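Below: structure_0.txt (compact mmCIF, C-alpha atoms)
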```
# COMPACT_ATOMS: atom_id res chain seq x y z
CA MET A 265 -30.80 48.02 8.36
CA SER A 266 -33.71 48.43 5.96
CA LEU A 267 -33.89 46.51 2.70
CA LEU A 268 -33.49 49.74 0.71
CA THR A 269 -30.37 50.69 2.68
CA ARG A 270 -28.87 47.24 2.11
CA ILE A 271 -29.54 47.47 -1.64
CA ARG A 272 -27.91 50.90 -1.77
CA SER A 273 -24.86 49.60 0.09
CA LEU A 274 -24.57 46.67 -2.30
CA ARG A 275 -24.56 49.07 -5.25
CA ARG A 276 -21.36 50.60 -3.89
CA ILE A 277 -19.55 47.29 -4.08
CA LYS A 278 -17.26 47.16 -7.12
CA PRO A 279 -18.31 44.38 -9.50
CA LEU A 280 -15.90 41.68 -10.54
CA PRO A 281 -14.13 42.66 -13.75
CA GLU A 282 -15.43 40.87 -16.79
CA ARG A 283 -13.02 38.16 -17.80
CA GLU A 284 -12.63 36.31 -21.01
CA SER A 285 -11.72 32.64 -20.76
CA ALA A 286 -8.03 31.89 -21.05
CA ASP A 287 -6.88 29.53 -23.75
CA VAL A 288 -6.36 26.89 -21.05
CA ALA A 289 -8.30 26.40 -17.84
CA GLN A 290 -5.64 26.83 -15.17
CA SER A 291 -7.60 24.98 -12.49
CA VAL A 292 -9.56 21.85 -13.41
CA ALA A 293 -11.62 19.57 -11.17
CA ILE A 294 -12.72 16.07 -12.14
CA ILE A 295 -15.38 13.80 -10.70
CA MET A 296 -14.07 10.40 -11.76
CA ASP A 297 -17.28 8.43 -12.12
CA GLY A 298 -18.05 5.07 -13.70
CA ASN A 299 -15.46 2.59 -12.43
CA GLY A 300 -18.07 0.16 -11.14
CA ARG A 301 -20.15 0.27 -14.30
CA TRP A 302 -17.02 -0.19 -16.41
CA ALA A 303 -16.26 -3.40 -14.53
CA LYS A 304 -19.87 -4.61 -14.61
CA ARG A 305 -20.07 -4.25 -18.39
CA ARG A 306 -17.03 -6.48 -18.67
CA ARG A 307 -18.29 -8.93 -16.04
CA LEU A 308 -15.31 -8.13 -13.84
CA PRO A 309 -15.13 -7.53 -10.08
CA THR A 310 -15.79 -3.94 -9.02
CA ALA A 311 -12.20 -3.68 -7.80
CA ALA A 312 -11.01 -4.24 -11.38
CA GLY A 313 -12.86 -1.10 -12.40
CA HIS A 314 -11.21 0.90 -9.63
CA ARG A 315 -7.77 -0.36 -10.65
CA ALA A 316 -8.48 0.63 -14.25
CA GLY A 317 -9.60 4.03 -12.99
CA ALA A 318 -6.35 4.43 -11.06
CA ARG A 319 -4.39 3.86 -14.27
CA THR A 320 -6.48 6.54 -15.97
CA VAL A 321 -5.54 9.00 -13.22
CA ARG A 322 -1.88 8.62 -14.13
CA ARG A 323 -2.55 9.25 -17.82
CA ILE A 324 -4.68 12.31 -17.13
CA VAL A 325 -2.18 13.79 -14.68
CA GLU A 326 0.58 13.55 -17.30
CA ALA A 327 -1.74 14.97 -19.96
CA SER A 328 -2.60 17.87 -17.65
CA ILE A 329 1.08 18.79 -17.48
CA ASP A 330 1.36 18.73 -21.26
CA LEU A 331 -1.81 20.80 -21.68
CA GLY A 332 -0.70 23.56 -19.34
CA ILE A 333 -3.06 22.96 -16.43
CA HIS A 334 -1.65 24.25 -13.15
CA ASP A 335 -4.07 22.76 -10.60
CA LEU A 336 -5.92 19.47 -11.00
CA SER A 337 -8.43 18.39 -8.35
CA ILE A 338 -9.74 14.83 -8.39
CA PHE A 339 -12.54 13.34 -6.30
CA ALA A 340 -10.97 10.10 -5.08
CA PHE A 341 -13.28 9.10 -2.23
CA SER A 342 -16.28 10.89 -0.78
CA THR A 343 -17.71 10.79 2.72
CA GLU A 344 -20.74 9.05 1.22
CA ASN A 345 -18.56 6.27 -0.24
CA TRP A 346 -18.20 4.74 3.22
CA SER A 347 -21.74 3.43 2.83
CA ARG A 348 -20.71 1.14 -0.04
CA PRO A 349 -20.31 -2.61 0.62
CA ARG A 350 -17.45 -3.32 3.02
CA GLU A 351 -15.64 -5.47 0.45
CA GLU A 352 -15.62 -2.61 -2.07
CA VAL A 353 -14.48 -0.06 0.52
CA ASP A 354 -11.63 -2.33 1.62
CA ALA A 355 -10.58 -2.79 -2.00
CA LEU A 356 -10.67 0.96 -2.58
CA MET A 357 -8.46 1.58 0.44
CA GLU A 358 -5.96 -1.00 -0.77
CA ILE A 359 -5.93 0.36 -4.33
CA PHE A 360 -5.55 3.92 -3.08
CA ALA A 361 -2.61 3.00 -0.85
CA GLU A 362 -0.95 1.02 -3.64
CA THR A 363 -1.43 3.84 -6.13
CA ILE A 364 0.04 6.45 -3.81
CA GLU A 365 3.04 4.25 -3.01
CA ARG A 366 3.63 3.39 -6.67
CA GLU A 367 2.86 6.66 -8.41
CA LEU A 368 3.70 9.47 -6.01
CA PRO A 369 7.52 9.26 -6.17
CA ASP A 370 7.54 9.21 -9.98
CA LEU A 371 5.01 12.04 -10.22
CA ALA A 372 7.17 14.07 -7.85
CA GLU A 373 10.12 13.60 -10.21
CA GLN A 374 7.94 15.00 -13.01
CA GLY A 375 7.25 18.11 -10.96
CA VAL A 376 3.82 17.17 -9.63
CA ARG A 377 3.02 18.46 -6.16
CA VAL A 378 0.46 16.14 -4.60
CA ARG A 379 -1.86 17.69 -2.05
CA PHE A 380 -4.48 15.92 0.02
CA ILE A 381 -7.46 18.09 0.87
CA GLY A 382 -7.71 18.18 4.62
CA ARG A 383 -4.29 16.56 5.06
CA ARG A 384 -0.67 17.69 5.11
CA ASP A 385 1.23 18.12 1.87
CA ARG A 386 3.45 15.25 0.72
CA THR A 387 5.63 16.97 -1.92
CA GLU A 388 6.27 20.60 -1.11
CA LEU A 389 8.84 21.69 -3.68
CA ASN A 390 7.35 20.78 -7.04
CA SER A 391 5.51 23.30 -9.18
CA ARG A 392 4.71 21.95 -12.66
CA LEU A 393 1.29 20.71 -11.52
CA ASN A 394 -0.58 20.78 -8.23
CA LEU A 395 -2.59 17.57 -7.89
CA TRP A 396 -5.31 17.93 -5.27
CA VAL A 397 -6.69 14.61 -4.08
CA ALA A 398 -10.06 14.84 -2.29
CA PHE A 399 -10.20 11.77 -0.06
CA ASP A 400 -12.92 11.12 2.52
CA TYR A 401 -14.25 14.47 1.35
CA GLY A 402 -17.71 16.04 1.35
CA GLY A 403 -18.54 19.59 0.31
CA ARG A 404 -21.21 20.14 2.96
CA ALA A 405 -18.94 18.76 5.67
CA GLU A 406 -16.24 21.20 4.55
CA LEU A 407 -18.62 24.15 4.84
CA VAL A 408 -19.82 23.05 8.28
CA GLU A 409 -16.24 22.65 9.45
CA ALA A 410 -15.33 26.10 8.11
CA ALA A 411 -18.23 27.66 10.00
CA ARG A 412 -17.20 25.82 13.16
CA ARG A 413 -13.62 27.07 12.86
CA ILE A 414 -14.78 30.65 12.44
CA VAL A 415 -16.98 30.46 15.52
CA GLU A 416 -14.25 28.81 17.58
CA SER A 417 -11.73 31.46 16.54
CA GLY A 418 -13.96 34.19 17.98
CA VAL A 419 -14.45 36.19 14.77
CA GLU A 420 -17.17 38.80 15.20
CA PRO A 421 -20.23 38.31 12.94
CA GLY A 422 -19.68 41.66 11.27
CA GLU A 423 -16.15 40.66 10.31
CA ILE A 424 -17.19 37.50 8.45
CA ASP A 425 -17.01 37.84 4.69
CA GLU A 426 -16.16 35.55 1.78
CA ASN A 427 -12.44 35.92 2.38
CA VAL A 428 -12.73 34.92 6.03
CA PHE A 429 -14.91 31.95 5.15
CA ALA A 430 -12.63 30.77 2.33
CA ALA A 431 -9.60 30.99 4.61
CA ASN A 432 -11.18 28.36 6.84
CA LEU A 433 -11.82 25.74 4.15
CA TYR A 434 -9.81 22.52 4.10
CA ALA A 435 -7.34 23.89 1.53
CA PRO A 436 -7.57 27.70 1.37
CA GLU A 437 -4.80 27.84 -1.23
CA LEU A 438 -6.74 25.69 -3.72
CA PRO A 439 -7.71 27.97 -6.63
CA ASP A 440 -11.38 27.91 -7.56
CA PRO A 441 -11.75 25.52 -10.50
CA ASP A 442 -12.27 27.14 -13.88
CA LEU A 443 -13.69 23.90 -15.22
CA LEU A 444 -15.40 20.87 -13.68
CA ILE A 445 -15.46 17.64 -15.68
CA ARG A 446 -17.66 14.71 -14.72
CA THR A 447 -17.50 11.40 -16.51
CA SER A 448 -20.10 8.61 -16.97
CA GLY A 449 -22.91 10.84 -18.19
CA GLU A 450 -24.22 11.83 -14.74
CA LEU A 451 -25.32 15.47 -14.51
CA ARG A 452 -24.59 16.53 -10.93
CA VAL A 453 -21.71 17.76 -8.76
CA SER A 454 -22.23 15.17 -5.99
CA ASN A 455 -21.18 17.29 -3.01
CA PHE A 456 -17.78 18.13 -4.52
CA LEU A 457 -16.14 21.53 -3.86
CA LEU A 458 -19.50 23.25 -3.34
CA TRP A 459 -17.95 26.59 -2.37
CA GLN A 460 -15.16 26.53 -4.93
CA LEU A 461 -17.35 25.60 -7.92
CA ALA A 462 -19.58 28.69 -7.63
CA TYR A 463 -18.54 30.06 -11.05
CA ALA A 464 -16.93 27.01 -12.64
CA GLU A 465 -17.83 25.98 -16.17
CA LEU A 466 -19.26 22.46 -16.27
CA ALA A 467 -18.51 19.69 -18.76
CA PHE A 468 -20.30 16.33 -18.62
CA VAL A 469 -18.76 13.45 -20.54
CA ASP A 470 -20.59 10.22 -21.38
CA LYS A 471 -17.48 8.05 -21.15
CA LEU A 472 -16.88 6.00 -18.01
CA TRP A 473 -13.78 7.12 -16.12
CA PRO A 474 -11.50 4.17 -17.07
CA ASP A 475 -12.21 4.98 -20.75
CA PHE A 476 -11.47 8.70 -20.35
CA GLU A 477 -8.44 9.64 -22.43
CA PRO A 478 -6.11 12.63 -22.73
CA ARG A 479 -7.89 13.63 -25.95
CA ASP A 480 -11.16 13.82 -23.98
CA LEU A 481 -9.50 16.18 -21.53
CA GLN A 482 -8.18 18.24 -24.42
CA HIS A 483 -11.66 18.38 -25.98
CA ALA A 484 -13.11 19.66 -22.70
CA LEU A 485 -10.44 22.36 -22.54
CA VAL A 486 -11.17 23.43 -26.11
CA GLU A 487 -14.86 23.69 -25.29
CA TYR A 488 -14.04 25.68 -22.16
CA ALA A 489 -11.91 28.11 -24.15
CA SER A 490 -14.86 28.85 -26.43
CA ARG A 491 -17.05 29.98 -23.55
CA ARG A 492 -17.34 33.54 -22.26
CA ARG A 493 -17.39 33.69 -18.48
CA ARG A 494 -19.36 36.63 -17.06
CA PHE A 495 -19.24 35.90 -13.32
CA GLY A 496 -22.76 37.26 -12.81
CA GLY A 497 -22.32 40.23 -15.16
CA ARG A 498 -23.37 40.71 -18.77
```
What is this structure when it is put down as structure tokens?
Amino acid sequence: MSLLTRIRSLRRIKPLPERESADVAQSVAIIMDGNGRWAKRRRLPTAAGHRAGARTVRRIVEASIDLGIHDLSIFAFSTENWSRPREEVDALMEIFAETIERELPDLAEQGVRVRFIGRRDRTELNSRLNLWVAFDYGGRAELVEAARRIVESGVEPGEIDENVFAANLYAPELPDPDLLIRTSGELRVSNFLLWQLAYAELAFVDKLWPDFEPRDLQHALVEYASRRRRFGGR
């Protein structure tokens, strides 16, 4: 197919309808960064920062319910985090297990459905908030795995489109985030939800994650609501 023919065929594709931002971002993703620095500033062990960060997760989950968020995705542990010192990794595993054991039953009673990206669901029946926990997760690895699944399933090249690709991601039912929040002042997405964040609005917050408060989440949502999302249009 010539370049001109391809351009003409693309012109026949219906554009996405222009959408105004809703009052509340329905799907929010958070990169929870800064636990180690929080502990270092207080001359505490790194594990103390991670425990403080775990407490912040609980506060933000409850605030998300109150603020009308439907899906909250949090980056708990990346594939790259395995390269951290063994002592820190062991502490993270212990804190994660303790947090799940302590918090999950109570969150379930509040109507929070906890989902682990790449793992089976733990609480199927709740619907007030879907909490997506990305653990041992990497965006590039997810894309590679999706491509591998498509090839292994025998899909013909001409049949592969965005819908087919998205259906082979770790959690196909995860809505694309409307808003990504990253704490600690870093300005990057760090291999998180690379496919799903294609049109997300980005908000970078200077606060370290353990210091992040419900009012900071509310401020990010207010800022999001003031933006006009064009999805590639004008």
Contacts of segment 373-442 of chain A with segment 461-476 of chain A up to 12 Å, shortest pair per row, only C-alpha atoms, as JSON lines:
```
{"residue": "A:Gly403", "atom": "CA", "partner": "A:Leu461", "partner_atom": "CA", "distance": 10.3}
{"residue": "A:Leu438", "atom": "CA", "partner": "A:Leu461", "partner_atom": "CA", "distance": 11.4}
{"residue": "A:Pro439", "atom": "CA", "partner": "A:Leu461", "partner_atom": "CA", "distance": 10.0}
{"residue": "A:Asp440", "atom": "CA", "partner": "A:Leu461", "partner_atom": "CA", "distance": 6.4}
{"residue": "A:Pro441", "atom": "CA", "partner": "A:Ala464", "partner_atom": "CA", "distance": 5.8}
{"residue": "A:Asp442", "atom": "CA", "partner": "A:Ala464", "partner_atom": "CA", "distance": 4.8}
```
Just to be explicit: take each residue in the selection above, keep C-alpha atoms, and write the result as a PDB file, in the frame of the given file.
```
ATOM      1  CA  GLY A 403     -18.540  19.590   0.310  1.00  0.00           C
ATOM      2  CA  LEU A 438      -6.740  25.690  -3.720  1.00  0.00           C
ATOM      3  CA  PRO A 439      -7.710  27.970  -6.630  1.00  0.00           C
ATOM      4  CA  ASP A 440     -11.380  27.910  -7.560  1.00  0.00           C
ATOM      5  CA  PRO A 441     -11.750  25.520 -10.500  1.00  0.00           C
ATOM      6  CA  ASP A 442     -12.270  27.140 -13.880  1.00  0.00           C
TER       7      ASP A 442
END
```
Neighbour list for Glu326 of chain A as an MDAnalysis selection string, cut-off 12 Å, only C-alpha atoms, skip fewer than 2 positions in-chain: chainID A and resid 319:324 328:334 336 367 370:376 392:395 477:478 481
Segment 394-406 of chain A: axis-aligned bounding box, 5 Å on each side, centre and edge lengths in Å, one decimal, as lines of an AutoDock Vina configuration file:
```
center_x = -10.9
center_y = 16.2
center_z = -1.3
size_x = 30.6
size_y = 20.1
size_z = 23.9
```
Excluding Asn299 of chain A and residues on its chain fewer than 3 positions from it, collect all residues at most 6 Å away from it, counting all atoms listed in the file, and give them as a ChimeraX atom specification. /A:302,313-314
Quick one: everything within 10 Å of Leu457 of chain A, counting only C-alpha atoms, minus sequence neighbours fewer than 2 positions away in the same chain. Send it as a VMD selection string. chain A and resid 293 337 339 398 401 to 404 406 to 407 440 to 441 444 453 to 455 459 to 462
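Distance check against Leu356 of chain A using only C-alpha atoms: of A:Ala311, A:Val325, A:Leu368, A:Ala316, the minimum falls on A:Ala311.
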Atom CA of Ala431 of chain A and atom CA of Arg493 of chain A are how many Å apart?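 It comes out at 24.5 Å.
For Ile359 of chain A, the list of residues within 12 Å, based on only C-alpha atoms and with local chain neighbours fewer than 2 positions off taken out, reads Thr310, Ala311, Ala312, Gly313, His314, Arg315, Ala316, Gly317, Ala318, Arg319, Ala340, Phe341, Glu352, Val353, Asp354, Ala355, Leu356, Met357, Ala361, Glu362, Thr363, Ile364, Glu365, Arg366 and Glu367 of chain A.
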May I have the selected residues written with C-alpha atoms, as an mmCIF file, in the coordinates of the input?
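Printed below is again.cif as written:
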```cif
data_model
loop_
_atom_site.group_PDB
_atom_site.id
_atom_site.type_symbol
_atom_site.label_atom_id
_atom_site.label_comp_id
_atom_site.auth_asym_id
_atom_site.auth_seq_id
_atom_site.Cartn_x
_atom_site.Cartn_y
_atom_site.Cartn_z
ATOM 1 C CA THR A 310 -15.790 -3.940 -9.020
ATOM 2 C CA ALA A 311 -12.200 -3.680 -7.800
ATOM 3 C CA ALA A 312 -11.010 -4.240 -11.380
ATOM 4 C CA GLY A 313 -12.860 -1.100 -12.400
ATOM 5 C CA HIS A 314 -11.210 0.900 -9.630
ATOM 6 C CA ARG A 315 -7.770 -0.360 -10.650
ATOM 7 C CA ALA A 316 -8.480 0.630 -14.250
ATOM 8 C CA GLY A 317 -9.600 4.030 -12.990
ATOM 9 C CA ALA A 318 -6.350 4.430 -11.060
ATOM 10 C CA ARG A 319 -4.390 3.860 -14.270
ATOM 11 C CA ALA A 340 -10.970 10.100 -5.080
ATOM 12 C CA PHE A 341 -13.280 9.100 -2.230
ATOM 13 C CA GLU A 352 -15.620 -2.610 -2.070
ATOM 14 C CA VAL A 353 -14.480 -0.060 0.520
ATOM 15 C CA ASP A 354 -11.630 -2.330 1.620
ATOM 16 C CA ALA A 355 -10.580 -2.790 -2.000
ATOM 17 C CA LEU A 356 -10.670 0.960 -2.580
ATOM 18 C CA MET A 357 -8.460 1.580 0.440
ATOM 19 C CA ALA A 361 -2.610 3.000 -0.850
ATOM 20 C CA GLU A 362 -0.950 1.020 -3.640
ATOM 21 C CA THR A 363 -1.430 3.840 -6.130
ATOM 22 C CA ILE A 364 0.040 6.450 -3.810
ATOM 23 C CA GLU A 365 3.040 4.250 -3.010
ATOM 24 C CA ARG A 366 3.630 3.390 -6.670
ATOM 25 C CA GLU A 367 2.860 6.660 -8.410
#
```
